[in-house]
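Source file: my_file.cif (mmCIF, C-alpha atoms and all ligand atoms)
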```cif
data_coords
#
loop_
_atom_site.label_atom_id
_atom_site.label_comp_id
_atom_site.auth_asym_id
_atom_site.auth_seq_id
_atom_site.Cartn_x
_atom_site.Cartn_y
_atom_site.Cartn_z
CA MET L 3 -19.50 -26.15 22.08
CA VAL L 4 -17.32 -23.05 22.18
CA GLU L 5 -18.71 -20.43 19.79
CA LYS L 6 -16.42 -18.35 17.58
CA ASN L 7 -15.20 -15.35 19.57
CA THR L 8 -16.07 -12.46 17.29
CA GLY L 9 -14.40 -9.98 19.65
CA ALA L 10 -11.10 -11.91 19.55
CA GLY L 11 -8.04 -9.75 20.17
CA LEU L 12 -10.36 -6.91 21.32
CA ARG L 13 -10.26 -5.83 17.65
CA GLY L 14 -12.25 -2.69 16.89
CA GLN L 15 -13.16 -2.04 20.53
CA SER L 16 -12.10 1.11 22.34
CA ALA L 17 -10.17 0.33 25.50
CA GLY L 18 -9.93 3.92 26.73
CA GLN L 19 -9.01 7.47 25.78
CA THR L 20 -5.62 8.90 24.83
CA ALA L 21 -4.37 12.35 23.83
CA ILE L 22 -0.98 11.08 22.65
CA CYS L 23 -1.59 9.57 19.24
CA THR L 24 -4.26 8.58 16.74
CA VAL L 25 -4.40 6.53 13.55
CA GLY L 26 -7.37 8.69 12.52
CA ALA L 27 -11.05 7.90 12.15
CA GLU L 28 -10.35 6.08 8.87
CA GLY L 29 -7.34 4.25 10.32
CA ASN L 30 -5.06 5.44 7.51
CA SER L 31 -2.98 8.22 8.98
CA LEU L 32 -0.78 8.66 12.02
CA ARG L 33 -0.56 11.74 14.20
CA TYR L 34 1.48 12.32 17.35
CA ARG L 35 -0.32 14.89 19.52
CA GLY L 36 -1.92 16.32 16.35
CA TYR L 37 1.20 16.38 14.16
CA ASP L 38 1.25 14.22 11.03
CA VAL L 39 4.07 11.66 11.21
CA VAL L 40 4.84 12.31 7.52
CA GLU L 41 5.60 15.96 8.30
CA LEU L 42 7.58 15.02 11.40
CA ALA L 43 9.66 12.47 9.46
CA GLU L 44 10.41 15.08 6.79
CA GLN L 45 11.16 18.07 8.98
CA SER L 46 11.84 17.22 12.59
CA THR L 47 14.38 15.24 14.59
CA PHE L 48 13.83 12.33 16.94
CA TYR L 49 14.80 14.46 19.94
CA GLU L 50 12.02 16.92 19.03
CA VAL L 51 9.54 14.06 18.64
CA ALA L 52 10.63 12.43 21.90
CA HIS L 53 10.07 15.77 23.64
CA LEU L 54 6.65 16.09 21.97
CA ILE L 55 5.60 12.65 23.13
CA LEU L 56 7.02 12.78 26.65
CA HIS L 57 6.47 16.46 27.50
CA GLY L 58 3.37 17.13 25.37
CA GLU L 59 4.70 19.85 23.03
CA LEU L 60 7.38 20.37 20.41
CA PRO L 61 10.30 22.05 22.22
CA THR L 62 11.56 25.58 21.71
CA ALA L 63 15.25 25.77 20.73
CA ALA L 64 16.20 26.30 24.39
CA GLU L 65 13.97 23.45 25.60
CA LEU L 66 15.44 21.15 22.97
CA GLU L 67 19.01 21.90 24.03
CA ALA L 68 18.15 21.35 27.69
CA PHE L 69 16.32 18.08 26.88
CA ARG L 70 19.18 16.82 24.70
CA ALA L 71 21.76 17.70 27.34
CA ARG L 72 19.77 15.88 30.04
CA VAL L 73 19.28 12.75 27.93
CA ASP L 74 22.83 12.65 26.52
CA GLY L 75 24.12 13.05 30.07
CA HIS L 76 22.35 9.81 31.03
CA ARG L 77 24.06 7.52 28.48
CA ASP L 78 26.64 5.99 30.79
CA LEU L 79 25.91 2.66 32.49
CA PRO L 80 26.59 1.99 36.18
CA PRO L 81 29.32 -0.64 36.88
CA ALA L 82 26.81 -3.07 38.44
CA LEU L 83 24.73 -3.02 35.24
CA ARG L 84 27.85 -3.53 33.09
CA GLU L 85 28.69 -6.59 35.21
CA VAL L 86 25.22 -8.03 34.64
CA LEU L 87 25.43 -7.38 30.89
CA GLU L 88 28.84 -9.04 30.72
CA ARG L 89 27.37 -12.22 32.18
CA ILE L 90 24.72 -12.59 29.47
CA PRO L 91 25.93 -14.96 26.72
CA ALA L 92 26.26 -14.03 23.03
CA SER L 93 23.56 -16.62 22.28
CA ALA L 94 20.93 -14.53 24.12
CA HIS L 95 18.41 -12.49 22.19
CA PRO L 96 19.09 -8.75 22.66
CA MET L 97 15.41 -8.17 23.46
CA ASP L 98 15.92 -10.43 26.48
CA VAL L 99 19.06 -8.45 27.30
CA LEU L 100 17.05 -5.20 27.26
CA ARG L 101 14.30 -6.77 29.35
CA THR L 102 16.88 -7.82 31.95
CA GLY L 103 18.82 -4.55 31.72
CA CYS L 104 15.72 -2.42 32.20
CA SER L 105 14.57 -4.53 35.11
CA PHE L 106 18.02 -4.47 36.74
CA LEU L 107 18.22 -0.69 36.43
CA GLY L 108 14.93 -0.59 38.37
CA ASN L 109 16.76 -2.28 41.27
CA ILE L 110 19.74 0.04 41.43
CA GLU L 111 17.96 3.26 40.40
CA PRO L 112 14.38 2.69 41.61
CA GLU L 113 11.72 5.18 40.57
CA GLY L 114 10.47 5.54 44.11
CA ASP L 115 8.02 8.38 44.10
CA PHE L 116 5.98 8.92 40.89
CA SER L 117 7.22 12.52 40.89
CA ARG L 118 10.44 11.08 39.43
CA GLN L 119 8.68 9.45 36.47
CA MET L 120 10.06 11.86 33.84
CA ASP L 121 13.64 11.40 35.11
CA VAL L 122 13.24 7.63 34.78
CA ALA L 123 11.82 7.92 31.25
CA GLU L 124 14.68 10.19 30.14
CA ARG L 125 17.24 7.89 31.79
CA LEU L 126 15.82 4.86 29.95
CA LEU L 127 15.71 6.75 26.64
CA ALA L 128 19.44 7.40 27.02
CA ALA L 129 20.52 4.11 28.60
CA LEU L 130 18.71 1.49 26.48
CA PRO L 131 20.86 2.03 23.33
CA SER L 132 24.07 1.98 25.41
CA MET L 133 22.88 -1.16 27.19
CA VAL L 134 22.11 -3.25 24.13
CA VAL L 135 25.28 -2.28 22.24
CA TYR L 136 27.50 -2.67 25.32
CA TRP L 137 26.24 -6.22 25.71
CA TYR L 138 26.53 -6.95 21.96
CA ARG L 139 30.11 -5.73 21.59
CA TYR L 140 31.27 -7.42 24.82
CA SER L 141 29.62 -10.77 24.15
CA HIS L 142 30.50 -10.90 20.42
CA ASP L 143 33.88 -9.12 20.20
CA GLY L 144 35.14 -9.03 23.80
CA VAL L 145 35.15 -5.20 23.57
CA ARG L 146 33.96 -2.92 26.39
CA ALA L 147 32.45 -0.28 24.09
CA ASP L 148 32.74 3.35 25.15
CA THR L 149 29.33 4.91 25.90
CA ASP L 150 30.86 8.37 25.43
CA THR L 151 30.54 8.66 21.64
CA GLY L 152 30.03 12.44 21.49
CA GLU L 153 27.17 11.84 19.01
CA ASP L 154 24.30 14.32 19.24
CA THR L 155 21.55 11.93 18.09
CA ILE L 156 20.39 8.68 19.66
CA GLY L 157 20.60 6.81 16.35
CA GLY L 158 24.10 8.19 15.73
CA HIS L 159 25.15 7.12 19.23
CA PHE L 160 23.83 3.60 18.61
CA LEU L 161 25.64 3.22 15.26
CA HIS L 162 28.85 4.78 16.59
CA MET L 163 28.97 2.45 19.61
CA LEU L 164 28.13 -0.55 17.42
CA HIS L 165 30.69 0.04 14.68
CA GLY L 166 33.31 1.92 16.71
CA THR L 167 33.35 4.75 14.12
CA ALA L 168 31.19 7.80 13.41
CA PRO L 169 28.32 7.03 10.99
CA GLY L 170 27.80 8.94 7.74
CA ASP L 171 25.22 11.72 7.45
CA LEU L 172 22.75 9.52 5.51
CA GLU L 173 22.90 6.73 8.11
CA ARG L 174 22.48 9.25 10.93
CA ARG L 175 19.38 10.71 9.27
CA VAL L 176 17.88 7.29 8.44
CA MET L 177 18.23 6.25 12.08
CA ASP L 178 16.61 9.49 13.22
CA VAL L 179 13.66 9.01 10.82
CA SER L 180 13.32 5.37 11.86
CA LEU L 181 13.12 6.37 15.53
CA ILE L 182 10.50 9.02 14.65
CA LEU L 183 8.37 6.43 12.82
CA TYR L 184 8.52 3.87 15.61
CA ALA L 185 7.99 6.29 18.53
CA GLU L 186 4.30 5.88 19.24
CA HIS L 187 1.25 3.96 18.03
CA GLU L 188 -1.79 4.31 20.26
CA PHE L 189 -3.04 1.11 21.98
CA ASN L 190 -0.79 -1.43 20.23
CA ALA L 191 -0.02 -4.65 22.15
CA SER L 192 3.18 -3.50 23.89
CA THR L 193 1.77 -0.09 24.86
CA PHE L 194 -1.38 -1.69 26.16
CA THR L 195 0.80 -4.07 28.18
CA ALA L 196 2.58 -1.05 29.67
CA ARG L 197 -0.74 0.63 30.50
CA VAL L 198 -2.15 -2.48 32.17
CA CYS L 199 0.97 -2.66 34.33
CA ALA L 200 0.80 1.09 35.09
CA SER L 201 -2.86 0.74 36.07
CA THR L 202 -1.87 -1.40 39.06
CA LEU L 203 0.25 1.60 40.19
CA SER L 204 3.41 -0.37 39.56
CA ASP L 205 6.76 1.35 38.92
CA LEU L 206 7.87 2.58 35.46
CA HIS L 207 10.70 0.02 35.11
CA SER L 208 8.16 -2.79 35.54
CA CYS L 209 5.85 -1.24 32.91
CA ILE L 210 8.68 -0.84 30.37
CA THR L 211 10.08 -4.31 31.09
CA ALA L 212 6.64 -5.81 30.46
CA ALA L 213 6.28 -3.81 27.24
CA ILE L 214 9.67 -5.03 25.97
CA GLY L 215 8.50 -8.61 26.45
CA SER L 216 5.34 -7.86 24.50
CA LEU L 217 7.13 -6.09 21.62
CA ARG L 218 9.55 -9.01 21.17
CA GLY L 219 7.00 -11.32 19.49
CA PRO L 220 7.07 -11.77 15.68
CA LEU L 221 3.45 -10.63 15.30
CA HIS L 222 4.50 -7.22 16.71
CA GLY L 223 7.97 -5.61 16.73
CA GLY L 224 9.78 -8.87 16.08
CA ALA L 225 8.39 -8.80 12.54
CA ASN L 226 11.29 -6.63 11.26
CA GLU L 227 13.73 -9.43 12.14
CA ALA L 228 11.42 -12.11 10.72
CA ALA L 229 11.09 -10.10 7.47
CA MET L 230 14.90 -9.94 7.21
CA ASP L 231 15.20 -13.71 7.74
CA MET L 232 12.86 -14.13 4.77
CA ILE L 233 14.23 -11.60 2.26
CA GLU L 234 17.89 -12.47 2.77
CA GLN L 235 17.21 -15.99 1.45
CA TYR L 236 16.38 -14.77 -2.06
CA ALA L 237 19.01 -14.47 -4.77
CA SER L 238 16.65 -12.78 -7.24
CA GLU L 239 13.26 -11.09 -7.55
CA GLU L 240 11.91 -14.17 -9.38
CA GLU L 241 12.96 -16.43 -6.52
CA ALA L 242 11.28 -14.08 -4.02
CA VAL L 243 8.00 -13.95 -5.95
CA ALA L 244 7.88 -17.76 -6.38
CA ASP L 245 8.52 -18.37 -2.68
CA VAL L 246 5.97 -15.80 -1.51
CA LEU L 247 3.34 -17.40 -3.77
CA ARG L 248 4.22 -20.80 -2.33
CA LYS L 249 3.93 -19.45 1.24
CA LEU L 250 0.56 -17.87 0.50
CA GLU L 251 -0.67 -21.14 -1.00
CA ALA L 252 0.45 -22.90 2.20
CA LYS L 253 -1.39 -20.23 4.27
CA GLU L 254 1.86 -19.05 5.87
CA LEU L 255 2.16 -15.51 7.21
CA ILE L 256 4.40 -13.12 5.30
CA MET L 257 6.12 -11.14 8.02
CA GLY L 258 5.99 -7.35 7.71
CA PHE L 259 2.56 -7.38 6.03
CA GLY L 260 -0.92 -6.70 7.34
CA HIS L 261 -2.00 -4.65 10.30
CA ALA L 262 -4.48 -4.79 13.17
CA VAL L 263 -5.83 -1.26 12.64
CA TYR L 264 -4.74 0.05 9.22
CA ARG L 265 -6.93 -1.16 6.39
CA LEU L 266 -5.50 0.52 3.25
CA ARG L 267 -1.86 1.29 4.07
CA ASP L 268 0.56 1.89 6.90
CA PRO L 269 1.65 5.53 6.40
CA ARG L 270 5.11 4.77 7.80
CA ASN L 271 5.92 2.27 5.04
CA ALA L 272 6.41 4.67 2.11
CA ILE L 273 8.77 6.78 4.23
CA ILE L 274 11.12 4.04 5.35
CA LYS L 275 10.91 2.43 1.89
CA GLU L 276 12.28 5.60 0.30
CA TRP L 277 15.18 5.73 2.77
CA SER L 278 15.91 2.06 2.11
CA ARG L 279 16.04 2.85 -1.63
CA LYS L 280 18.52 5.69 -0.96
CA LEU L 281 20.72 3.40 1.14
CA ALA L 282 20.67 0.72 -1.60
CA GLU L 283 21.96 3.37 -4.03
CA LEU L 284 24.60 4.67 -1.62
CA LYS L 285 25.89 1.16 -0.94
CA ASP L 286 25.60 0.21 -4.63
CA ASP L 287 23.81 -2.95 -3.49
CA PRO L 288 20.40 -3.08 -5.16
CA LEU L 289 19.41 -6.74 -4.57
CA LEU L 290 17.80 -6.60 -1.13
CA PHE L 291 15.75 -3.53 -2.03
CA ALA L 292 14.66 -5.07 -5.36
CA VAL L 293 13.67 -8.32 -3.63
CA SER L 294 11.70 -6.39 -0.98
CA ASP L 295 9.96 -4.38 -3.69
CA ALA L 296 9.02 -7.59 -5.54
CA VAL L 297 7.59 -9.11 -2.34
CA GLU L 298 5.57 -5.94 -1.72
CA ARG L 299 4.17 -5.99 -5.30
CA THR L 300 3.28 -9.67 -5.05
CA MET L 301 1.46 -9.21 -1.74
CA LYS L 302 -0.53 -6.32 -3.21
CA GLU L 303 -1.45 -8.18 -6.41
CA ARG L 304 -2.22 -11.59 -4.91
CA LYS L 305 -3.54 -10.78 -1.44
CA ASN L 306 -4.35 -7.06 -1.59
CA MET L 307 -2.13 -6.67 1.46
CA PHE L 308 0.26 -3.81 2.20
CA ALA L 309 3.64 -3.67 3.90
CA ASN L 310 3.60 -2.37 7.47
CA ALA L 311 6.26 -0.24 9.22
CA ASP L 312 8.45 -3.27 9.83
CA PHE L 313 8.98 -4.55 6.28
CA PHE L 314 11.32 -1.99 4.69
CA HIS L 315 13.00 -1.37 8.04
CA ALA L 316 14.61 -4.78 7.50
CA SER L 317 16.52 -3.77 4.34
CA ALA L 318 17.22 -0.25 5.66
CA TYR L 319 18.83 -1.57 8.85
CA HIS L 320 20.73 -4.24 6.93
CA TYR L 321 22.22 -1.65 4.59
CA MET L 322 23.53 0.21 7.65
CA GLY L 323 25.45 -2.91 8.75
CA ILE L 324 23.17 -3.61 11.72
CA PRO L 325 23.02 -7.31 12.71
CA THR L 326 19.46 -8.67 12.33
CA LYS L 327 19.02 -9.48 15.99
CA LEU L 328 19.50 -5.82 16.89
CA PHE L 329 16.54 -4.71 14.71
CA THR L 330 13.76 -5.02 17.31
CA PRO L 331 15.89 -3.42 20.07
CA ILE L 332 16.01 -0.27 17.89
CA PHE L 333 12.21 -0.28 18.03
CA VAL L 334 12.51 -0.33 21.86
CA MET L 335 14.96 2.61 21.82
CA SER L 336 12.21 4.66 20.17
CA ARG L 337 8.95 3.24 21.53
CA VAL L 338 10.13 3.75 25.12
CA THR L 339 8.91 7.35 24.62
CA GLY L 340 5.39 6.21 23.69
CA TRP L 341 5.29 3.59 26.44
CA ALA L 342 6.36 6.08 29.11
CA ALA L 343 3.89 8.76 27.93
CA HIS L 344 1.06 6.22 28.07
CA CYS L 345 2.08 5.22 31.59
CA PHE L 346 2.03 8.89 32.65
CA GLU L 347 -1.41 9.30 31.04
CA GLN L 348 -2.72 6.17 32.75
CA ARG L 349 -1.40 7.29 36.13
CA ALA L 350 -2.93 10.75 35.72
CA ASN L 351 -6.46 9.33 35.41
CA ASN L 352 -6.19 5.82 36.72
CA ARG L 353 -8.58 2.99 37.20
CA ILE L 354 -7.17 -0.53 37.29
CA ILE L 355 -7.59 -2.18 33.86
CA ARG L 356 -9.54 -5.34 34.39
CA PRO L 357 -11.87 -6.40 31.55
CA GLY L 358 -14.50 -9.10 31.89
CA ALA L 359 -14.45 -12.50 30.19
CA ASP L 360 -17.17 -14.71 28.68
CA TYR L 361 -16.96 -17.98 30.57
CA VAL L 362 -17.14 -21.03 28.25
CA GLY L 363 -15.83 -23.74 30.65
CA PRO L 364 -17.64 -26.67 32.34
CA ASP L 365 -20.88 -26.18 34.31
CA ASP L 366 -20.72 -26.23 38.13
CA ARG L 367 -19.42 -29.53 39.55
CA SER L 368 -18.41 -30.87 42.96
CA TYR L 369 -14.95 -31.64 44.17
CA VAL L 370 -14.06 -35.37 44.02
CA PRO L 371 -11.42 -36.52 46.55
CA ILE L 372 -8.20 -37.64 44.79
CA GLY L 373 -8.62 -41.32 45.74
CA ASP L 374 -12.07 -41.47 44.08
CA ARG L 375 -11.11 -40.01 40.68
C1 LIG I 401 4.97 -2.45 14.02
C2 LIG I 401 4.04 -3.60 14.06
O1 LIG I 401 3.90 -4.24 15.06
S1 LIG I 401 3.11 -3.91 12.66
C3 LIG I 401 2.69 -5.64 12.73
C4 LIG I 401 3.91 -6.49 12.53
N1 LIG I 401 3.54 -7.91 12.40
C5 LIG I 401 3.65 -8.58 11.25
O2 LIG I 401 4.08 -8.07 10.23
C6 LIG I 401 3.31 -10.04 11.30
C7 LIG I 401 2.48 -10.46 10.09
N2 LIG I 401 1.14 -9.90 10.18
C8 LIG I 401 0.19 -10.47 10.95
O3 LIG I 401 0.40 -11.53 11.59
C9 LIG I 401 -1.16 -9.79 11.07
O4 LIG I 401 -1.44 -9.07 9.88
C10 LIG I 401 -1.23 -8.85 12.30
C11 LIG I 401 -0.82 -9.56 13.58
C12 LIG I 401 -0.31 -7.64 12.12
C13 LIG I 401 -2.67 -8.34 12.42
O5 LIG I 401 -3.45 -9.44 12.73
P1 LIG I 401 -5.04 -9.43 12.52
O6 LIG I 401 -5.60 -8.11 12.88
O7 LIG I 401 -5.57 -10.62 13.23
O8 LIG I 401 -5.15 -9.65 10.94
P2 LIG I 401 -6.43 -9.57 10.01
O9 LIG I 401 -7.67 -9.76 10.79
O10 LIG I 401 -6.30 -8.35 9.18
O11 LIG I 401 -6.20 -10.85 9.07
C14 LIG I 401 -7.11 -11.09 8.03
C15 LIG I 401 -6.67 -12.30 7.22
O12 LIG I 401 -5.43 -12.01 6.57
C16 LIG I 401 -4.46 -12.97 6.89
N3 LIG I 401 -3.20 -12.30 7.10
C17 LIG I 401 -2.98 -11.28 7.95
N4 LIG I 401 -1.69 -10.92 7.89
C18 LIG I 401 -1.10 -11.73 6.98
C19 LIG I 401 0.21 -11.84 6.50
N5 LIG I 401 1.18 -11.06 6.98
N6 LIG I 401 0.48 -12.78 5.58
C20 LIG I 401 -0.48 -13.58 5.10
N7 LIG I 401 -1.77 -13.53 5.54
C21 LIG I 401 -2.06 -12.61 6.46
C22 LIG I 401 -4.93 -13.56 8.21
O13 LIG I 401 -4.39 -14.86 8.40
C23 LIG I 401 -6.42 -13.56 8.04
O14 LIG I 401 -6.76 -14.67 7.21
P3 LIG I 401 -8.13 -15.50 7.51
O15 LIG I 401 -9.24 -14.48 7.34
O16 LIG I 401 -8.10 -16.55 6.47
O17 LIG I 401 -8.00 -16.01 8.91
O1 LIG I 402 -0.44 -0.73 16.31
C1 LIG I 402 -0.10 -1.91 16.21
O2 LIG I 402 -0.88 -2.87 16.40
C2 LIG I 402 1.28 -2.28 15.83
C3 LIG I 402 2.08 -1.15 15.29
O3 LIG I 402 2.00 -0.81 14.13
C4 LIG I 402 2.94 -0.42 16.20
O4 LIG I 402 2.92 -0.67 17.42
O5 LIG I 402 3.69 0.47 15.75
#
```

Mind turning the file's structure into structure tokens?
Amino acid sequence: MVEKNTGAGLRGQSAGQTAICTVGAEGNSLRYRGYDVVELAEQSTFYEVAHLILHGELPTAAELEAFRARVDGHRDLPPALREVLERIPASAHPMDVLRTGCSFLGNIEPEGDFSRQMDVAERLLAALPSMVVYWYRYSHDGVRADTDTGEDTIGGHFLHMLHGTAPGDLERRVMDVSLILYAEHEFNASTFTARVCASTLSDLHSCITAAIGSLRGPLHGGANEAAMDMIEQYASEEEAVADVLRKLEAKELIMGFGHAVYRLRDPRNAIIKEWSRKLAELKDDPLLFAVSDAVERTMKERKNMFANADFFHASAYHYMGIPTKLFTPIFVMSRVTGWAAHCFEQRANNRIIRPGADYVGPDDRSYVPIGDR
């Protein structure tokens, strides 16, 4: 008989060291290279945080300008990549589009020597938003969207390309905060995927492509889309509460709740929740926020469970007119910084990642020729 695997999902086990990020000894806080994410979300910009994660330190004013100029200068897409994107149907999931786009870029702009790893990371940071919106606008509206938006933030660039007009200041700031919150999270599933790939000394495009595939699932990054699919069904708070209670009774998962490492709260939730509230006010459209709030209260009261980073991202993105299927790609646009930094860290002190396994299959037996079976 197979015994219950108490170490399932490697939960609670250390799989190595990192200097990039920690959720703290209590698993209740989040720090990027020592800086509290709450402080970063209040005071910094995503470009500063991306520099911190990729280059190890917050930039000086001159370093920030140089970094921004390098990244912004990489937004355009080569014609061969545009052709590939134009062939992908509107029915595709944009996470699959990013997976293909990232992989294709690895063919036409290969990393080659690892000394080019930072160039590749900065190129991907700039190109992924252009890639996903270029495909979206072409496949859905027949428009070849201009990658030259003149926007000086990555979130602003994404919204401008998507809607064809400059976003408002609130939307620009919400996108920047969202990208800060999603940038890095220690040994989560997609980052660990990237590190396993890096540990074979593979190229950075392969590591990031693998990580995109891992983030796509609804138990990880895909939860922001799954949360939206749920909350948009409810016409009132009462309807939301009744349906969540029914789901809990049926032992269904409520997407956007629970966490593999946090036990009391996800520190990112209160931040994005507040921005979602501000957007609801700005748009004079309180329903989705009220429904989300009711779901959060019900989960706390009935299950003692808290919302994770994904839950209020759903309403926040929706208020900014972002189609649901582009939610998880925004996570990619940010987390590419964390993934790349982890690959660099793995490469700097590498040993191939290859855990053991407890064998629970049949005892030894002899081969039986096919005619005798
Ligand atoms: C940015 C991010 O990636 S954050 C995560 C995003 N994912 C989600 O929101 C998906 C919904 N949540 C989940 O599926 C899980 O909470 C995960 C995947 C995040 C963590 O999984 P685990 O570490 O295995 O969860 P954990 O051990 O805390 O689960 C304990 C119990 O709570 C239940 N539970 C966990 N999450 C939920 C949920 N969202 N809704 C209802 N019940 C839940 C589990 O089924 C389990 O019940 P059991 O003891 O009867 O089997
Ligand atoms: O750490 C995790 O398991 C998931 C998560 O919150 C993240 O990747 O941001």

Throw together the list of residues within 7 Å of ligand LIG 402 (chain I), counting only C-alpha atoms and all ligand atoms, and drop it here as a count of residues only. 12

List all protein, DNA and RNA residues that have at least one atom no more than 9 Å from any atom of ligand LIG 401 (chain I), counting all atoms listed in the file, and write them as a PyMOL selection string. chain L and resi 10-11+13+184+187+190-192+217+219-226+228-229+249-250+253-265+268+301+305+307-313+333

Between CA of Val293 in chain L and CA of Ala237 in chain L, measure the distance and give it in Å to one decimal. 8.2 Å

When you count all atoms listed in the file, which of these residues is closest to Gly152 in chain L: L:Val122, L:Ala71, L:Ala342, L:Ala296?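 Selected residue with least distance to Gly152 in chain L: L:Ala71.
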
Expressed in Å to a single decimal, how great is the separation between CA of Glu276 in chain L and CA of Arg175 in chain L?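 About the pair CA of Glu276 in chain L and CA of Arg175 in chain L: they are 12.5 Å apart.
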
Give the answer as one residue: which of L:Glu65, L:Asp115, L:Glu88, L:Asp121 has the shortest atom-to-atom distance to His53 in chain L, using only C-alpha atoms?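 Checking each of L:Glu65, L:Asp115, L:Glu88, L:Asp121 against His53 in chain L, counting only C-alpha atoms, the winner is L:Glu65.
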
When you look at Ile182 in chain L with a cut-off of 12 Å (counting only C-alpha atoms), what residues show up, excluding the ones that are within fewer than 6 positions of it in the same chain? I need them as a PyMOL selection string. chain L and resi 32-34+37-55+155-157+175-176+270+273-274+311+332-340

One-decimal distance in Å that lies between CA of Arg279 in chain L and CA of Ser317 in chain L: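 Calculated distance between CA of Ser317 in chain L and CA of Arg279 in chain L is 8.9 Å.
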
Pick from L:Thr151, L:Thr62, L:Gln119, L:Thr300: nearest to Asp245 in chain L, with all atoms listed in the file counted?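 Using all atoms listed in the file, the shortest distance to Asp245 in chain L belongs to L:Thr300.
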
Need the shell around Val134 in chain L: protein/DNA/RNA residues with any atom at most 7 Å away, counting all atoms listed in the file. Skip same-chain ones fewer than 4 positions apart. Format as an mmCIF file with C-alpha atoms, in the frame of the given file?
```cif
data_model
loop_
_atom_site.group_PDB
_atom_site.id
_atom_site.type_symbol
_atom_site.label_atom_id
_atom_site.label_comp_id
_atom_site.auth_asym_id
_atom_site.auth_seq_id
_atom_site.Cartn_x
_atom_site.Cartn_y
_atom_site.Cartn_z
ATOM 1 C CA PRO L 96 19.090 -8.750 22.660
ATOM 2 C CA VAL L 99 19.060 -8.450 27.300
ATOM 3 C CA LEU L 100 17.050 -5.200 27.260
ATOM 4 C CA LEU L 130 18.710 1.490 26.480
ATOM 5 C CA TYR L 138 26.530 -6.950 21.960
#
```

Give me the residues within 9 Å of Glu173 in chain L as JSON, numbers by chain, counting only C-alpha atoms and dropping any in the same chain fewer than 2 places off. {"L": [157, 158, 161, 169, 170, 171, 175, 176, 177, 178, 281, 322]}

Calculated over all atoms listed in the file, which of the candidates L:Leu266, L:Ile22, L:Val297, L:Ala94 has the smallest distance to Leu56 in chain L?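 The shortest atom-to-atom distance to Leu56 in chain L comes from L:Ile22.
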
For Gly114 in chain L, please output as a PyMOL selection string all residues within 12 Å (counting only C-alpha atoms; exclusion window: fewer than 3 positions along the same chain). chain L and resi 108-111+117-119+121-122+203-207

Need the neighbours of (-4.9, 11.9, 20.1): which residues are at most 6 Å away, counting all atoms listed in the file, as a ChimeraX atom specification? /L:20-24,35

Residues at most 10 Å from Pro325 in chain L, counting all atoms listed in the file, excluding those fewer than 5 positions away in the same chain, as a list of chain:residue names?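 Residues meeting the cut-off are L:Tyr138, L:Leu164, L:Glu227, L:Tyr319, L:His320.
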
Go through L:His57, L:Lys327, L:Arg353, L:Lys302 and flag the residue nearest Gly18 in chain L, using all atoms listed in the file for the distances. L:Arg353

Considering only C-alpha atoms, state which residue in the set L:Ser180, L:Ser132, L:Thr202, L:Gln348 is at the smallest distance from Ser278 in chain L.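 Between L:Ser180, L:Ser132, L:Thr202, L:Gln348, the residue approaching Ser278 in chain L most closely is L:Ser180.
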